[in-house]
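Here's model18.cif, which has mmCIF, N, CA and C atoms:
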```cif
data_start
#
loop_
_atom_site.group_PDB
_atom_site.id
_atom_site.type_symbol
_atom_site.label_atom_id
_atom_site.label_comp_id
_atom_site.auth_asym_id
_atom_site.auth_seq_id
_atom_site.Cartn_x
_atom_site.Cartn_y
_atom_site.Cartn_z
ATOM 1 N N MET W 1 223.057 272.481 63.785
ATOM 2 C CA MET W 1 222.709 271.685 64.941
ATOM 3 C C MET W 1 222.554 270.218 64.552
ATOM 4 N N LYS W 2 221.985 270.021 63.350
ATOM 5 C CA LYS W 2 221.782 268.642 62.904
ATOM 6 C C LYS W 2 223.117 267.939 62.694
ATOM 7 N N SER W 3 224.103 268.673 62.156
ATOM 8 C CA SER W 3 225.405 268.047 61.924
ATOM 9 C C SER W 3 226.122 267.756 63.242
ATOM 10 N N GLU W 4 225.852 268.567 64.265
ATOM 11 C CA GLU W 4 226.474 268.346 65.567
ATOM 12 C C GLU W 4 225.867 267.142 66.287
ATOM 13 N N GLN W 5 224.543 266.991 66.171
ATOM 14 C CA GLN W 5 223.855 265.929 66.907
ATOM 15 C C GLN W 5 223.759 264.628 66.127
ATOM 16 N N GLY W 6 223.902 264.730 64.820
ATOM 17 C CA GLY W 6 223.886 263.519 63.999
ATOM 18 C C GLY W 6 222.527 262.849 63.968
ATOM 19 N N HIS W 7 222.496 261.513 64.165
ATOM 20 C CA HIS W 7 221.240 260.755 64.062
ATOM 21 C C HIS W 7 220.319 260.996 65.261
ATOM 22 N N LYS W 8 220.812 261.633 66.322
ATOM 23 C CA LYS W 8 219.988 261.938 67.497
ATOM 24 C C LYS W 8 219.096 263.169 67.280
ATOM 25 N N PHE W 9 219.338 263.905 66.204
ATOM 26 C CA PHE W 9 218.615 265.158 65.956
ATOM 27 C C PHE W 9 217.138 264.892 65.711
ATOM 28 N N ASP W 10 216.281 265.634 66.429
ATOM 29 C CA ASP W 10 214.831 265.534 66.270
ATOM 30 C C ASP W 10 214.255 266.943 66.337
ATOM 31 N N LEU W 11 213.523 267.353 65.298
ATOM 32 C CA LEU W 11 212.940 268.690 65.259
ATOM 33 C C LEU W 11 211.974 268.939 66.413
ATOM 34 N N ASN W 12 211.260 267.925 66.834
ATOM 35 C CA ASN W 12 210.270 268.100 67.901
ATOM 36 C C ASN W 12 210.915 268.285 69.274
ATOM 37 N N LYS W 13 212.166 267.836 69.422
ATOM 38 C CA LYS W 13 212.844 267.939 70.713
ATOM 39 C C LYS W 13 213.984 268.958 70.682
ATOM 40 N N ILE W 14 213.920 269.889 69.756
ATOM 41 C CA ILE W 14 214.993 270.862 69.601
ATOM 42 C C ILE W 14 214.975 271.856 70.769
ATOM 43 N N ASN W 15 216.140 272.278 71.214
ATOM 44 C CA ASN W 15 216.271 273.223 72.313
ATOM 45 C C ASN W 15 216.047 274.634 71.766
ATOM 46 N N LEU W 16 214.909 275.235 72.118
ATOM 47 C CA LEU W 16 214.560 276.539 71.575
ATOM 48 C C LEU W 16 215.488 277.645 72.078
ATOM 49 N N ALA W 17 215.991 277.520 73.288
ATOM 50 C CA ALA W 17 216.908 278.525 73.814
ATOM 51 C C ALA W 17 218.199 278.555 72.997
ATOM 52 N N GLU W 18 218.710 277.385 72.651
ATOM 53 C CA GLU W 18 219.925 277.318 71.839
ATOM 54 C C GLU W 18 219.653 277.834 70.423
ATOM 55 N N LEU W 19 218.521 277.471 69.888
ATOM 56 C CA LEU W 19 218.144 277.936 68.551
ATOM 57 C C LEU W 19 217.963 279.452 68.550
ATOM 58 N N GLU W 20 217.436 279.979 69.637
ATOM 59 C CA GLU W 20 217.281 281.426 69.772
ATOM 60 C C GLU W 20 218.637 282.120 69.723
ATOM 61 N N ARG W 21 219.605 281.601 70.437
ATOM 62 C CA ARG W 21 220.944 282.184 70.440
ATOM 63 C C ARG W 21 221.582 282.134 69.053
ATOM 64 N N ARG W 22 221.361 281.062 68.340
ATOM 65 C CA ARG W 22 221.992 280.908 67.020
ATOM 66 C C ARG W 22 221.313 281.716 65.923
ATOM 67 N N THR W 23 219.989 281.859 66.004
ATOM 68 C CA THR W 23 219.271 282.532 64.921
ATOM 69 C C THR W 23 218.946 283.986 65.211
ATOM 70 N N GLY W 24 218.834 284.345 66.494
ATOM 71 C CA GLY W 24 218.450 285.709 66.839
ATOM 72 C C GLY W 24 216.940 285.902 66.886
ATOM 73 N N MET W 25 216.201 284.848 66.640
ATOM 74 C CA MET W 25 214.738 284.923 66.716
ATOM 75 C C MET W 25 214.309 284.731 68.169
ATOM 76 N N THR W 26 213.130 285.277 68.505
ATOM 77 C CA THR W 26 212.641 285.113 69.872
ATOM 78 C C THR W 26 212.099 283.706 70.060
ATOM 79 N N ARG W 27 212.022 283.302 71.331
ATOM 80 C CA ARG W 27 211.493 281.961 71.604
ATOM 81 C C ARG W 27 210.025 281.852 71.226
ATOM 82 N N ALA W 28 209.291 282.951 71.364
ATOM 83 C CA ALA W 28 207.875 282.933 70.966
ATOM 84 C C ALA W 28 207.742 282.660 69.467
ATOM 85 N N GLN W 29 208.585 283.297 68.670
ATOM 86 C CA GLN W 29 208.576 283.043 67.225
ATOM 87 C C GLN W 29 208.962 281.598 66.930
ATOM 88 N N LEU W 30 209.957 281.114 67.638
ATOM 89 C CA LEU W 30 210.411 279.735 67.412
ATOM 90 C C LEU W 30 209.357 278.724 67.846
ATOM 91 N N ARG W 31 208.632 279.020 68.949
ATOM 92 C CA ARG W 31 207.546 278.119 69.370
ATOM 93 C C ARG W 31 206.464 278.052 68.301
ATOM 94 N N ARG W 32 206.129 279.213 67.742
ATOM 95 C CA ARG W 32 205.117 279.252 66.687
ATOM 96 C C ARG W 32 205.594 278.469 65.467
ATOM 97 N N LEU W 33 206.864 278.650 65.098
ATOM 98 C CA LEU W 33 207.419 277.894 63.971
ATOM 99 C C LEU W 33 207.420 276.396 64.251
ATOM 100 N N GLN W 34 207.782 276.013 65.471
ATOM 101 C CA GLN W 34 207.809 274.601 65.836
ATOM 102 C C GLN W 34 206.403 274.012 65.767
ATOM 103 N N LYS W 35 205.435 274.781 66.209
ATOM 104 C CA LYS W 35 204.039 274.317 66.161
ATOM 105 C C LYS W 35 203.595 274.084 64.714
ATOM 106 N N ASN W 36 204.120 274.898 63.780
ATOM 107 C CA ASN W 36 203.781 274.766 62.364
ATOM 108 C C ASN W 36 204.725 273.849 61.615
ATOM 109 N N GLY W 37 205.519 273.083 62.336
ATOM 110 C CA GLY W 37 206.451 272.164 61.685
ATOM 111 C C GLY W 37 207.597 272.878 60.996
ATOM 112 N N PHE W 38 207.998 274.026 61.518
ATOM 113 C CA PHE W 38 209.055 274.866 60.976
ATOM 114 C C PHE W 38 208.783 275.279 59.531
ATOM 115 N N GLN W 39 207.506 275.457 59.217
ATOM 116 C CA GLN W 39 207.093 275.990 57.928
ATOM 117 C C GLN W 39 206.661 277.439 58.141
ATOM 118 N N ILE W 40 207.218 278.360 57.378
ATOM 119 C CA ILE W 40 206.849 279.767 57.515
ATOM 120 C C ILE W 40 205.519 279.983 56.817
ATOM 121 N N THR W 41 204.536 280.439 57.577
ATOM 122 C CA THR W 41 203.198 280.681 57.040
ATOM 123 C C THR W 41 202.937 282.178 57.025
ATOM 124 N N PRO W 42 202.075 282.655 56.123
ATOM 125 C CA PRO W 42 201.784 284.088 56.079
ATOM 126 C C PRO W 42 201.031 284.531 57.334
ATOM 127 N N HIS W 43 201.149 285.785 57.638
ATOM 128 C CA HIS W 43 200.468 286.366 58.787
ATOM 129 C C HIS W 43 198.959 286.200 58.617
ATOM 130 N N ALA W 44 198.245 286.044 59.699
ATOM 131 C CA ALA W 44 196.812 285.772 59.644
ATOM 132 C C ALA W 44 196.011 286.912 59.030
ATOM 133 N N LEU W 45 196.503 288.120 59.125
ATOM 134 C CA LEU W 45 195.754 289.269 58.616
ATOM 135 C C LEU W 45 196.202 289.703 57.223
ATOM 136 N N THR W 46 197.006 288.912 56.565
ATOM 137 C CA THR W 46 197.505 289.252 55.244
ATOM 138 C C THR W 46 196.346 289.378 54.261
ATOM 139 N N GLY W 47 196.340 290.474 53.527
ATOM 140 C CA GLY W 47 195.310 290.700 52.523
ATOM 141 C C GLY W 47 194.022 291.276 53.063
ATOM 142 N N ARG W 48 193.941 291.475 54.349
ATOM 143 C CA ARG W 48 192.724 292.006 54.954
ATOM 144 C C ARG W 48 192.697 293.520 54.798
ATOM 145 N N LYS W 49 191.537 294.071 54.466
ATOM 146 C CA LYS W 49 191.403 295.509 54.282
ATOM 147 C C LYS W 49 190.472 296.066 55.346
ATOM 148 N N ALA W 50 190.720 297.304 55.727
ATOM 149 C CA ALA W 50 189.916 297.960 56.744
ATOM 150 C C ALA W 50 188.513 298.242 56.217
ATOM 151 N N ASP W 51 187.504 298.114 57.086
ATOM 152 C CA ASP W 51 186.127 298.398 56.694
ATOM 153 C C ASP W 51 185.922 299.890 56.465
ATOM 154 N N THR W 52 186.428 300.708 57.368
ATOM 155 C CA THR W 52 186.304 302.156 57.219
ATOM 156 C C THR W 52 187.691 302.773 57.210
ATOM 157 N N THR W 53 187.875 303.739 56.329
ATOM 158 C CA THR W 53 189.145 304.444 56.228
ATOM 159 C C THR W 53 188.886 305.942 56.311
ATOM 160 N N LEU W 54 189.937 306.730 56.278
ATOM 161 C CA LEU W 54 189.771 308.182 56.319
ATOM 162 C C LEU W 54 188.957 308.700 55.143
ATOM 163 N N ILE W 55 189.096 308.058 54.005
ATOM 164 C CA ILE W 55 188.449 308.547 52.799
ATOM 165 C C ILE W 55 187.018 308.010 52.633
ATOM 166 N N SER W 56 186.628 307.069 53.466
ATOM 167 C CA SER W 56 185.326 306.429 53.327
ATOM 168 C C SER W 56 184.153 307.408 53.321
ATOM 169 N N GLY W 57 184.192 308.404 54.158
ATOM 170 C CA GLY W 57 183.086 309.353 54.248
ATOM 171 C C GLY W 57 183.037 310.348 53.112
ATOM 172 N N TYR W 58 184.049 310.378 52.291
ATOM 173 C CA TYR W 58 184.144 311.378 51.230
ATOM 174 C C TYR W 58 184.082 310.772 49.825
ATOM 175 N N THR W 59 183.828 309.490 49.745
ATOM 176 C CA THR W 59 183.816 308.836 48.425
ATOM 177 C C THR W 59 182.686 309.356 47.547
ATOM 178 N N GLY W 60 181.569 309.682 48.143
ATOM 179 C CA GLY W 60 180.451 310.231 47.366
ATOM 180 C C GLY W 60 180.815 311.559 46.731
ATOM 181 N N VAL W 61 181.471 312.414 47.474
ATOM 182 C CA VAL W 61 181.900 313.719 46.968
ATOM 183 C C VAL W 61 182.929 313.538 45.856
ATOM 184 N N ILE W 62 183.871 312.641 46.080
ATOM 185 C CA ILE W 62 184.914 312.390 45.072
ATOM 186 C C ILE W 62 184.295 311.825 43.802
ATOM 187 N N ASP W 63 183.388 310.864 43.944
ATOM 188 C CA ASP W 63 182.729 310.282 42.773
ATOM 189 C C ASP W 63 181.951 311.345 42.003
ATOM 190 N N ASP W 64 181.301 312.264 42.726
ATOM 191 C CA ASP W 64 180.550 313.345 42.087
ATOM 192 C C ASP W 64 181.495 314.267 41.317
ATOM 193 N N LEU W 65 182.643 314.588 41.916
ATOM 194 C CA LEU W 65 183.628 315.424 41.221
ATOM 195 C C LEU W 65 184.173 314.721 39.979
ATOM 196 N N LEU W 66 184.402 313.423 40.084
ATOM 197 C CA LEU W 66 184.904 312.667 38.929
ATOM 198 C C LEU W 66 183.871 312.627 37.812
ATOM 199 N N ARG W 67 182.595 312.504 38.170
ATOM 200 C CA ARG W 67 181.537 312.524 37.158
ATOM 201 C C ARG W 67 181.472 313.874 36.453
ATOM 202 N N LYS W 68 181.802 314.948 37.168
ATOM 203 C CA LYS W 68 181.791 316.301 36.586
ATOM 204 C C LYS W 68 183.044 316.576 35.763
ATOM 205 N N GLY W 69 183.992 315.643 35.768
ATOM 206 C CA GLY W 69 185.198 315.795 34.959
ATOM 207 C C GLY W 69 186.397 316.309 35.724
ATOM 208 N N VAL W 70 186.267 316.491 37.026
ATOM 209 C CA VAL W 70 187.402 316.945 37.840
ATOM 210 C C VAL W 70 188.205 315.709 38.243
ATOM 211 N N SER W 71 189.353 315.528 37.606
ATOM 212 C CA SER W 71 190.158 314.350 37.906
ATOM 213 C C SER W 71 191.517 314.699 38.498
ATOM 214 N N ASN W 72 191.796 315.996 38.674
ATOM 215 C CA ASN W 72 193.042 316.433 39.278
ATOM 216 C C ASN W 72 192.978 316.135 40.772
ATOM 217 N N SER W 73 193.892 315.316 41.235
ATOM 218 C CA SER W 73 193.847 314.864 42.625
ATOM 219 C C SER W 73 194.040 315.998 43.626
ATOM 220 N N GLU W 74 194.827 317.008 43.270
ATOM 221 C CA GLU W 74 195.036 318.130 44.182
ATOM 222 C C GLU W 74 193.775 318.969 44.320
ATOM 223 N N VAL W 75 193.045 319.134 43.235
ATOM 224 C CA VAL W 75 191.780 319.873 43.285
ATOM 225 C C VAL W 75 190.766 319.095 44.118
ATOM 226 N N VAL W 76 190.708 317.787 43.917
ATOM 227 C CA VAL W 76 189.802 316.937 44.689
ATOM 228 C C VAL W 76 190.152 317.009 46.164
ATOM 229 N N LEU W 77 191.448 316.970 46.470
ATOM 230 C CA LEU W 77 191.896 317.057 47.860
ATOM 231 C C LEU W 77 191.459 318.373 48.489
ATOM 232 N N GLU W 78 191.640 319.489 47.775
ATOM 233 C CA GLU W 78 191.219 320.794 48.309
ATOM 234 C C GLU W 78 189.726 320.821 48.597
ATOM 235 N N ARG W 79 188.936 320.264 47.682
ATOM 236 C CA ARG W 79 187.467 320.279 47.856
ATOM 237 C C ARG W 79 187.031 319.449 49.062
ATOM 238 N N ILE W 80 187.650 318.291 49.269
ATOM 239 C CA ILE W 80 187.210 317.475 50.401
ATOM 240 C C ILE W 80 187.833 317.947 51.710
ATOM 241 N N GLN W 81 188.984 318.644 51.642
ATOM 242 C CA GLN W 81 189.547 319.233 52.854
ATOM 243 C C GLN W 81 188.652 320.346 53.382
ATOM 244 N N GLU W 82 187.957 321.032 52.487
ATOM 245 C CA GLU W 82 187.004 322.061 52.890
ATOM 246 C C GLU W 82 185.867 321.453 53.702
ATOM 247 N N GLN W 83 185.613 320.185 53.467
ATOM 248 C CA GLN W 83 184.536 319.488 54.180
ATOM 249 C C GLN W 83 185.032 318.733 55.402
ATOM 250 N N GLY W 84 186.356 318.812 55.692
ATOM 251 C CA GLY W 84 186.876 318.210 56.908
ATOM 252 C C GLY W 84 187.769 316.999 56.727
ATOM 253 N N TYR W 85 188.109 316.658 55.509
ATOM 254 C CA TYR W 85 188.985 315.503 55.264
ATOM 255 C C TYR W 85 190.365 315.778 55.832
ATOM 256 N N ALA W 86 190.928 314.811 56.580
ATOM 257 C CA ALA W 86 192.224 314.992 57.215
ATOM 258 C C ALA W 86 193.288 314.064 56.637
ATOM 259 N N GLY W 87 192.989 313.366 55.569
ATOM 260 C CA GLY W 87 193.932 312.417 54.993
ATOM 261 C C GLY W 87 194.929 313.068 54.059
ATOM 262 N N SER W 88 195.656 312.231 53.337
ATOM 263 C CA SER W 88 196.743 312.724 52.491
ATOM 264 C C SER W 88 196.372 312.708 51.013
ATOM 265 N N LEU W 89 197.211 313.368 50.236
ATOM 266 C CA LEU W 89 197.049 313.412 48.786
ATOM 267 C C LEU W 89 197.221 312.025 48.177
ATOM 268 N N THR W 90 198.141 311.248 48.721
ATOM 269 C CA THR W 90 198.394 309.904 48.201
ATOM 270 C C THR W 90 197.147 309.036 48.297
ATOM 271 N N THR W 91 196.405 309.164 49.395
ATOM 272 C CA THR W 91 195.179 308.393 49.558
ATOM 273 C C THR W 91 194.165 308.777 48.506
ATOM 274 N N VAL W 92 194.056 310.072 48.218
ATOM 275 C CA VAL W 92 193.135 310.543 47.190
ATOM 276 C C VAL W 92 193.574 310.028 45.824
ATOM 277 N N LYS W 93 194.859 310.095 45.529
ATOM 278 C CA LYS W 93 195.360 309.585 44.249
ATOM 279 C C LYS W 93 195.084 308.104 44.089
ATOM 280 N N ARG W 94 195.284 307.354 45.176
ATOM 281 C CA ARG W 94 195.033 305.922 45.138
ATOM 282 C C ARG W 94 193.561 305.628 44.875
ATOM 283 N N TYR W 95 192.666 306.408 45.503
ATOM 284 C CA TYR W 95 191.231 306.196 45.299
ATOM 285 C C TYR W 95 190.836 306.521 43.864
ATOM 286 N N ILE W 96 191.373 307.611 43.323
ATOM 287 C CA ILE W 96 191.041 308.025 41.952
ATOM 288 C C ILE W 96 191.542 307.009 40.938
ATOM 289 N N SER W 97 192.710 306.423 41.187
ATOM 290 C CA SER W 97 193.299 305.498 40.207
ATOM 291 C C SER W 97 192.649 304.117 40.212
ATOM 292 N N THR W 98 191.927 303.752 41.292
ATOM 293 C CA THR W 98 191.279 302.434 41.303
ATOM 294 C C THR W 98 190.051 302.449 40.406
ATOM 295 N N PRO W 99 189.878 301.386 39.650
ATOM 296 C CA PRO W 99 188.724 301.347 38.725
ATOM 297 C C PRO W 99 187.401 301.164 39.439
#
```
Would it be possible to restate this file's structure as C-alpha cells?
Amino acid sequence: MKSEQGHKFDLNKINLAELERRTGMTRAQLRRLQKNGFQITPHALTGRKADTTLISGYTGVIDDLLRKGVSNSEVVLERIQEQGYAGSLTTVKRYISTP
C-alpha cells in the first residue's frame, strides 16, 4: 500500500477495510493494531494462572502420598479418583514433576 500511495501514505489514515481485504485480518484486530501503532503486543492474560484447578482440592492427598514414597503417577491418580478427582493423568504427572 505504501508503494502504491507513495509520499501520501500515512499509517494513521490507512483504510482498514482495504487492509482487511489484503491481509485477511478482521477490522477489529486491525483497529487494535492501529491503536497500538501497528506493534504486536502480547495478549493481556499471557502468563496468568488459574487460582483453582481440578487438582487443587487433592494436592494435600498427593503430597501425603509423595511423602510416603508413592511417586507413580498412575497409582496417585487411582487413589485420588477414589476420592472423586475427575481430571487427567497428565495433570497429575505435571503436578508431581513440579518442584
What separates atom C of Leu16 of chain W and atom C of Ile40 of chain W is a distance of 18.4 Å
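Pairwise distance (atom C of Thr59 of chain W, atom N of Leu45 of chain W) equals 27.9 Å.
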Selection under test: the PyMOL selection byres ((chain W and resi 77-94) around 8); residues as a PyMOL selection string = chain W and resi 54-55+58+61-62+72-76+95-99
Would you mind writing down, as a ChimeraX atom specification, each residue of chain W that DSSP on the backbone assigns to alpha helix (DSSP H)?
-> /W:2-5,16-23,27-35,59-67,73-81,89-97
Coordinates-based distance that separates atom CA of Ile14 of chain W from atom CA of Gln34 of chain W (Å, one decimal) | 8.9 Å
Around all the atoms of segment 59-77 of chain W listed in the file, with 6 Å of room on each side, what axis-aligned box do you get, giving centre and edge lengths in Å to one decimal, as JSON?
```
{"center_x": 187.7, "center_y": 314.4, "center_z": 42.4, "size_x": 26.6, "size_y": 23.0, "size_z": 26.8}
```
Any chance you could build segment 62-73 of chain W out to all heavy atoms and write it as a compact mmCIF listing (two decimals), keeping the file's coordinate frame?
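Result file is out_25.txt:
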```txt
# COMPACT_ATOMS: atom_id res chain seq x y z
N ILE W 62 183.87 312.64 46.08
CA ILE W 62 184.91 312.39 45.07
C ILE W 62 184.30 311.82 43.80
O ILE W 62 184.62 312.26 42.69
CB ILE W 62 186.00 311.44 45.62
CG1 ILE W 62 186.73 312.10 46.79
CG2 ILE W 62 186.99 311.05 44.53
CD1 ILE W 62 187.67 311.17 47.54
N ASP W 63 183.39 310.86 43.94
CA ASP W 63 182.73 310.28 42.77
C ASP W 63 181.95 311.35 42.00
O ASP W 63 181.94 311.35 40.77
CB ASP W 63 181.81 309.14 43.19
CG ASP W 63 182.57 307.92 43.70
OD1 ASP W 63 183.77 307.80 43.37
OD2 ASP W 63 181.97 307.12 44.42
N ASP W 64 181.30 312.26 42.73
CA ASP W 64 180.55 313.35 42.09
C ASP W 64 181.50 314.27 41.32
O ASP W 64 181.20 314.66 40.18
CB ASP W 64 179.78 314.13 43.15
CG ASP W 64 178.85 315.16 42.53
OD1 ASP W 64 178.14 314.80 41.57
OD2 ASP W 64 178.84 316.31 43.03
N LEU W 65 182.64 314.59 41.92
CA LEU W 65 183.63 315.42 41.22
C LEU W 65 184.17 314.72 39.98
O LEU W 65 184.36 315.35 38.93
CB LEU W 65 184.77 315.79 42.17
CG LEU W 65 184.45 316.79 43.27
CD1 LEU W 65 185.58 316.86 44.29
CD2 LEU W 65 184.18 318.16 42.69
N LEU W 66 184.40 313.42 40.08
CA LEU W 66 184.90 312.67 38.93
C LEU W 66 183.87 312.63 37.81
O LEU W 66 184.22 312.71 36.63
CB LEU W 66 185.29 311.25 39.35
CG LEU W 66 186.53 311.12 40.24
CD1 LEU W 66 186.69 309.70 40.74
CD2 LEU W 66 187.77 311.60 39.52
N ARG W 67 182.60 312.50 38.17
CA ARG W 67 181.54 312.52 37.16
C ARG W 67 181.47 313.87 36.45
O ARG W 67 181.13 313.95 35.27
CB ARG W 67 180.17 312.22 37.78
CG ARG W 67 179.86 310.74 37.77
CD ARG W 67 178.45 310.46 38.22
NE ARG W 67 178.57 309.75 39.50
CZ ARG W 67 178.22 310.22 40.70
NH1 ARG W 67 177.67 311.40 40.79
NH2 ARG W 67 178.40 309.52 41.78
N LYS W 68 181.80 314.95 37.17
CA LYS W 68 181.79 316.30 36.59
C LYS W 68 183.04 316.58 35.76
O LYS W 68 183.17 317.63 35.16
CB LYS W 68 181.67 317.35 37.69
CG LYS W 68 180.32 317.34 38.37
CD LYS W 68 180.28 318.39 39.47
CE LYS W 68 178.94 318.37 40.16
NZ LYS W 68 178.89 319.30 41.31
N GLY W 69 183.99 315.64 35.77
CA GLY W 69 185.20 315.80 34.96
C GLY W 69 186.40 316.31 35.72
O GLY W 69 187.44 316.56 35.13
N VAL W 70 186.27 316.49 37.03
CA VAL W 70 187.40 316.94 37.84
C VAL W 70 188.20 315.71 38.24
O VAL W 70 187.79 314.94 39.09
CB VAL W 70 186.92 317.70 39.10
CG1 VAL W 70 188.10 318.14 39.94
CG2 VAL W 70 186.04 318.87 38.73
N SER W 71 189.35 315.53 37.61
CA SER W 71 190.16 314.35 37.91
C SER W 71 191.52 314.70 38.50
O SER W 71 192.31 313.82 38.80
CB SER W 71 190.35 313.50 36.65
OG SER W 71 191.02 314.26 35.67
N ASN W 72 191.80 316.00 38.67
CA ASN W 72 193.04 316.43 39.28
C ASN W 72 192.98 316.14 40.77
O ASN W 72 192.12 316.64 41.49
CB ASN W 72 193.24 317.93 39.03
CG ASN W 72 194.58 318.43 39.50
OD1 ASN W 72 195.09 317.97 40.51
ND2 ASN W 72 195.13 319.39 38.76
N SER W 73 193.89 315.32 41.24
CA SER W 73 193.85 314.86 42.62
C SER W 73 194.04 316.00 43.63
O SER W 73 193.46 315.98 44.71
CB SER W 73 194.88 313.77 42.86
OG SER W 73 196.16 314.24 42.54
```
